[in-house]
Amino acid sequence: MFSRRSLMKNAGAALLTARATSASATISMTPSTLLPARDAFVTPQYGVYINNARIHPMSISTRVAVDAYLDSKGTMAVKQTSTTSPISLVAKESFAKLINATPDEIAYVNSTSTGENLVVSALGLMHPAASGPKPNIVTDALHFEGSLYLYTELQKRGVDVRIVKATTNDAGAWIVDSIEFEKAVDKNTRLIAVSLVSWINGFTHNPKWLADLAHAHGAKLFLDAVQGAGCMPIDVKASGVDFLASASYKWLMGDFGIGFLYARADVLPTLQRPLMSFRQFGDMEYHALPGDKPGPYPATFDQLQNAAGYFETGTYANPVIAALSASLPWILQLGVPNIQHHAHTLNGILRAELPKLGYACITPEDAGASIIAFHVKDDEATNRKLKASKVDISLYPGRMRIAPSVYNNEADIHTLLNALE
């Protein structure tokens with residue numbers, strides 16, 4: 001385990017090394033390839049933290065990468081604001097590799113919800129059609145709450161939005177039934193927008209089935225992947241996904257303020273740019289100032305035709321990009337299938353033992369990510385037990401959500417089980 005003192009000592013040494021080379025270089029992370037990787041993180045002050053679906057802690061080496069960026073910012077030794085800076089390229093290329101995309105198909109966004117809003121707008125679905133067939137959007141009740149707010153607001157504008165209800169399977173787990181979902185899609189559907197992994201209970205959609213369903217009706221598929229990217233394998237090429245967005249403060253082990261939006265290359269030319277920004281063009285030439293070359297007034301712009309050229313706007317959180325330039329290569333080094341297997345092993349213990357304590361599992365057996373959720377009969381009593389044992393999970397009315405990650409081990413799981421006895 002790392003103490004705070006050893007953290008500062010090791011971080012300081014690594015920071016000096018980073019200064020001597022380049023603050024933009026990716027910091028090497030060398031925990032054991034065998035999970036759990038407990039030495040890669042500071043021991044939680046609170047107690048046992050199994051709440052990574054809410055916010056994932058930042059690893060020690062990722063924090064060093066952030067410190068290196070801030071140091072360079074303080075001295076202005078290295079320019080880090082360019083979209084082509086080393087840390088920016090490493091982060092974007094690493095995320096592309098994580099989901100089997102190309103870097104040109106990746107744009108920075110501020111959050112998952114921002115990405116989803118941009119996609120809806122780029123497809124011209126923020127308002128009802130003025131004439132002709134009325135396009136519709138299909139989503140479901142296990143989608144993120146902020147997204148449900150988006151779509152209910154669009155309903156108020158007159159947009160045809162169909163929200164498929166959640167139900168239970170034979171084992172009592174909460175699911176979205178594929179037959180009912182298919183019934184909601186028709187020839188006027190323009191967008192299917194869902195959470196790949198539900199934040200509520202970890203229910204996981206089959207992305208290829210959804211993409212095939214969407215494309216068979218002339219629609220596009222958007223996936224909110226914030227609860228999947230980094231903790232389960234995702235292949236946008238094999239599945240045919242059109243759009244995918246993810247923030248970075250959960251399983252990508254970054255922080256608030258930066259996320260990614262994937263847009264399939266062949267879909268981009270069919271879109272209307274939802275917002276305009278200086279990040280959407282490369283070179284520009286003035287034709288309005290004394291001595292300028294003649295040309296269209298006031299300037300000509302070399303508009304980018306990649307995802308950044310369609311979706312990137314304004315400025316982004318460079319310290320978080322620095323964090324991702326370290327955390328994403330490490331995730332790739334560990335191997336997402338290994339991360340998934342580790343979490344499923346720990347969740348398997350909970351699936352077997354918590355029902356014996358009166359907590360029925362509401363997560364399907366085939367859930368793909370690291371979330372597992374259970375029905376809670378007595379919220380107040382459960383909360384008291386968790387606080388007394390200093391175990392941090394997510395507790396909601398009538399349910400609780402547990403989400404182990406790479407640093408958690410069986411001892412953490414048994415601490416939780418003992419707390420709830």
# chains A, B, ... in the order shown; residues from 1 in each chain; ligands from 1
>>> closest_atom_pairs(of="range 84-116 of chain A", to="range 130-152 of chain A", cutoff="12 Å", atoms="only C-alpha atoms", output="JSON lines")
{"residue": "A:Ser111", "atom": "CA", "partner": "A:Gly146", "partner_atom": "CA", "distance": 11.4}
{"residue": "A:Thr112", "atom": "CA", "partner": "A:Ser147", "partner_atom": "CA", "distance": 9.5}
{"residue": "A:Ser113", "atom": "CA", "partner": "A:Ser147", "partner_atom": "CA", "distance": 6.9}
{"residue": "A:Thr114", "atom": "CA", "partner": "A:Ser147", "partner_atom": "CA", "distance": 10.0}
{"residue": "A:Gly115", "atom": "CA", "partner": "A:Ser147", "partner_atom": "CA", "distance": 10.8}
{"residue": "A:Glu116", "atom": "CA", "partner": "A:Ser147", "partner_atom": "CA", "distance": 8.0}
>>> write_last_selection(atoms="N, CA and C atoms", output="mmCIF file, in the first residue's frame")
data_model
loop_
_atom_site.group_PDB
_atom_site.id
_atom_site.type_symbol
_atom_site.label_atom_id
_atom_site.label_comp_id
_atom_site.auth_asym_id
_atom_site.auth_seq_id
_atom_site.Cartn_x
_atom_site.Cartn_y
_atom_site.Cartn_z
ATOM 1 N N SER A 111 -18.798 16.331 -21.759
ATOM 2 C CA SER A 111 -19.449 15.283 -20.981
ATOM 3 C C SER A 111 -20.190 14.337 -21.913
ATOM 4 N N THR A 112 -20.673 13.235 -21.357
ATOM 5 C CA THR A 112 -21.490 12.303 -22.132
ATOM 6 C C THR A 112 -22.758 12.985 -22.627
ATOM 7 N N SER A 113 -23.406 13.715 -21.732
ATOM 8 C CA SER A 113 -24.659 14.381 -22.098
ATOM 9 C C SER A 113 -24.455 15.415 -23.193
ATOM 10 N N THR A 114 -23.318 16.114 -23.151
ATOM 11 C CA THR A 114 -23.013 17.056 -24.227
ATOM 12 C C THR A 114 -22.928 16.325 -25.558
ATOM 13 N N GLY A 115 -22.246 15.190 -25.556
ATOM 14 C CA GLY A 115 -22.143 14.401 -26.777
ATOM 15 C C GLY A 115 -23.494 13.974 -27.301
ATOM 16 N N GLU A 116 -24.368 13.544 -26.409
ATOM 17 C CA GLU A 116 -25.696 13.100 -26.835
ATOM 18 C C GLU A 116 -26.509 14.256 -27.406
#
>>> closest_atom_pairs(of="range 184-272 of chain A", to="range 342-348 of chain A", cutoff="12 Å", atoms="only C-alpha atoms", output="Markdown table")
| residue | atom | partner | partner_atom | distance |
| --- | --- | --- | --- | --- |
| A:Gly202 | CA | A:Asn347 | CA | 11.6 |
| A:Gly230 | CA | A:Ala343 | CA | 11.9 |
| A:Cys231 | CA | A:Ala343 | CA | 8.4 |
| A:Met232 | CA | A:Ala343 | CA | 9.8 |
| A:Trp251 | CA | A:Ala343 | CA | 11.9 |
>>> write_last_selection(atoms="C-alpha atoms", output="PDB file, in the first residue's frame")
ATOM      1  CA  GLY A 202     -25.828  -2.538 -15.060  1.00  0.00           C
ATOM      2  CA  GLY A 230     -12.822   1.142 -19.808  1.00  0.00           C
ATOM      3  CA  CYS A 231     -14.406  -1.762 -17.932  1.00  0.00           C
ATOM      4  CA  MET A 232     -15.840  -3.913 -20.739  1.00  0.00           C
ATOM      5  CA  TRP A 251     -14.008   3.860 -15.783  1.00  0.00           C
TER       6      TRP A 251
END
>>> atom_distance(atom1="CA of Thr300 in chain A", atom2="CA of Met284 in chain A")
5.6 Å
>>> select_by_dssp(residues="range 177-218 of chain A", states="helix (DSSP H, G or I)", output="list in words")
Ser178, Ile179, Glu180, Phe181, Glu182, Lys183, Ala184, Pro207, Lys208, Trp209, Leu210, Ala211, Asp212, Leu213, Ala214, His215 and Ala216 of chain A
>>> select_by_dssp(residues="range 104-352 of chain A", states="strand (DSSP E)", output="VMD selection string")
chain A and resid 106 to 109 136 to 140 160 to 164 167 to 168 174 to 175 189 to 195 220 to 224 243 to 247 259 to 263 281 to 286 299 to 303
>>> residues_around(residues="Ile372 in chain A", least_positions_apart="3", cutoff="7 Å", atoms="only C-alpha atoms", output="PyMOL selection string")
chain A and resi 201-202+347+363+401-403
>>> residues_around(residues="Pro355 in chain A", least_positions_apart="6", cutoff="10 Å", atoms="only C-alpha atoms", output="list in words")
Cys361, Phe374 and His375 of chain A
>>> residues_around(residues="Gly158 in chain A", least_positions_apart="3", cutoff="7 Å", atoms="only C-alpha atoms", output="list of chain:residue names")
A:Pro128, A:Leu154, A:Gln155
>>> closest_residue(among="A:Leu196, A:Val120, A:Val159, A:Val376", to="Pro233 in chain A", atoms="only C-alpha atoms")
A:Leu196
>>> residues_around(residues="Ser195 in chain A", least_positions_apart="2", cutoff="6 Å", atoms="only C-alpha atoms", output="list in words")
His143, Val197, Ser198, Leu223 and Asp224 of chain A
>>> atom_distance(atom1="CA of Glu312 in chain A", atom2="CA of Pro269 in chain A")
15.5 Å
>>> closest_atom_pairs(of="range 294-332 of chain A", to="range 43-64 of chain A", cutoff="10 Å", atoms="only C-alpha atoms", output="tab-separated table")
residue	atom	partner	partner_atom	distance
A:Pro319	CA	A:Arg63	CA	9.6
A:Val320	CA	A:Thr62	CA	9.6
A:Ala322	CA	A:Thr62	CA	8.1
A:Ala323	CA	A:Thr62	CA	5.2
A:Leu324	CA	A:Thr62	CA	7.6
A:Ser325	CA	A:Thr62	CA	8.2
A:Ala326	CA	A:Thr62	CA	5.4
A:Ser327	CA	A:Thr62	CA	5.8
A:Leu328	CA	A:Thr62	CA	9.5
A:Trp330	CA	A:Thr62	CA	9.3
>>> write_last_selection(atoms="N, CA and C atoms", output="short mmCIF file (atom, residue, chain, number, x, y, z; two decimals), in the first residue's frame")
data_model
loop_
_atom_site.label_atom_id
_atom_site.label_comp_id
_atom_site.auth_asym_id
_atom_site.auth_seq_id
_atom_site.Cartn_x
_atom_site.Cartn_y
_atom_site.Cartn_z
N PRO A 319 -5.83 19.79 -17.91
CA PRO A 319 -5.33 18.87 -16.87
C PRO A 319 -5.97 17.48 -16.95
N VAL A 320 -7.23 17.43 -17.36
CA VAL A 320 -7.89 16.12 -17.48
C VAL A 320 -7.37 15.38 -18.71
N ALA A 322 -4.36 15.63 -19.73
CA ALA A 322 -3.09 15.11 -19.24
C ALA A 322 -3.30 13.83 -18.44
N ALA A 323 -4.34 13.83 -17.61
CA ALA A 323 -4.66 12.62 -16.84
C ALA A 323 -4.95 11.45 -17.76
N LEU A 324 -5.74 11.70 -18.79
CA LEU A 324 -6.12 10.62 -19.71
C LEU A 324 -4.94 10.14 -20.54
N SER A 325 -3.96 11.01 -20.77
CA SER A 325 -2.78 10.57 -21.51
C SER A 325 -1.98 9.55 -20.72
N ALA A 326 -2.25 9.44 -19.42
CA ALA A 326 -1.62 8.42 -18.58
C ALA A 326 -2.57 7.27 -18.28
N SER A 327 -3.82 7.58 -17.93
CA SER A 327 -4.74 6.52 -17.49
C SER A 327 -5.16 5.60 -18.62
N LEU A 328 -5.41 6.15 -19.80
CA LEU A 328 -5.90 5.31 -20.90
C LEU A 328 -4.85 4.31 -21.39
N TRP A 330 -2.63 2.98 -19.61
CA TRP A 330 -2.54 1.97 -18.55
C TRP A 330 -3.70 0.99 -18.63
#
>>> residues_around(residues="range 381-388 of chain A", least_positions_apart="4", cutoff="8 Å", atoms="only C-alpha atoms", output="JSON, numbers by chain")
{"A": [376, 392, 395, 416, 419, 420]}
>>> write_last_selection(atoms="N, CA and C atoms", output="CSV table (one decimal), in the first residue's frame")
chain,number,residue,atom,x,y,z
A,376,VAL,N,-33.2,-3.2,-2.0
A,376,VAL,CA,-33.1,-2.9,-0.6
A,376,VAL,C,-34.4,-2.7,0.0
A,392,ASP,N,-18.3,2.5,1.2
A,392,ASP,CA,-18.9,3.4,0.3
A,392,ASP,C,-19.4,2.7,-1.0
A,395,LEU,N,-26.3,4.1,-2.6
A,395,LEU,CA,-27.6,3.7,-2.1
A,395,LEU,C,-28.7,4.6,-2.6
A,416,LEU,N,-17.9,-5.6,2.9
A,416,LEU,CA,-19.3,-5.2,2.6
A,416,LEU,C,-20.3,-6.2,3.1
A,419,ALA,N,-20.7,-6.1,6.8
A,419,ALA,CA,-21.4,-4.9,7.2
A,419,ALA,C,-22.9,-5.1,7.1
A,420,LEU,N,-23.3,-5.9,6.1
A,420,LEU,CA,-24.8,-6.0,5.8
A,420,LEU,C,-25.4,-7.2,6.5
>>> closest_residue(among="A:Tyr310, A:Phe41, A:Phe181, A:Tyr249", to="Leu275 in chain A", atoms="only C-alpha atoms")
A:Tyr310
>>> closest_residue(among="A:Ala107, A:Leu213, A:Ala184, A:Ala40", to="Gln305 in chain A", atoms="only C-alpha atoms")
A:Ala107
>>> atom_distance(atom1="CA of Leu252 in chain A", atom2="CA of Phe203 in chain A")
19.4 Å
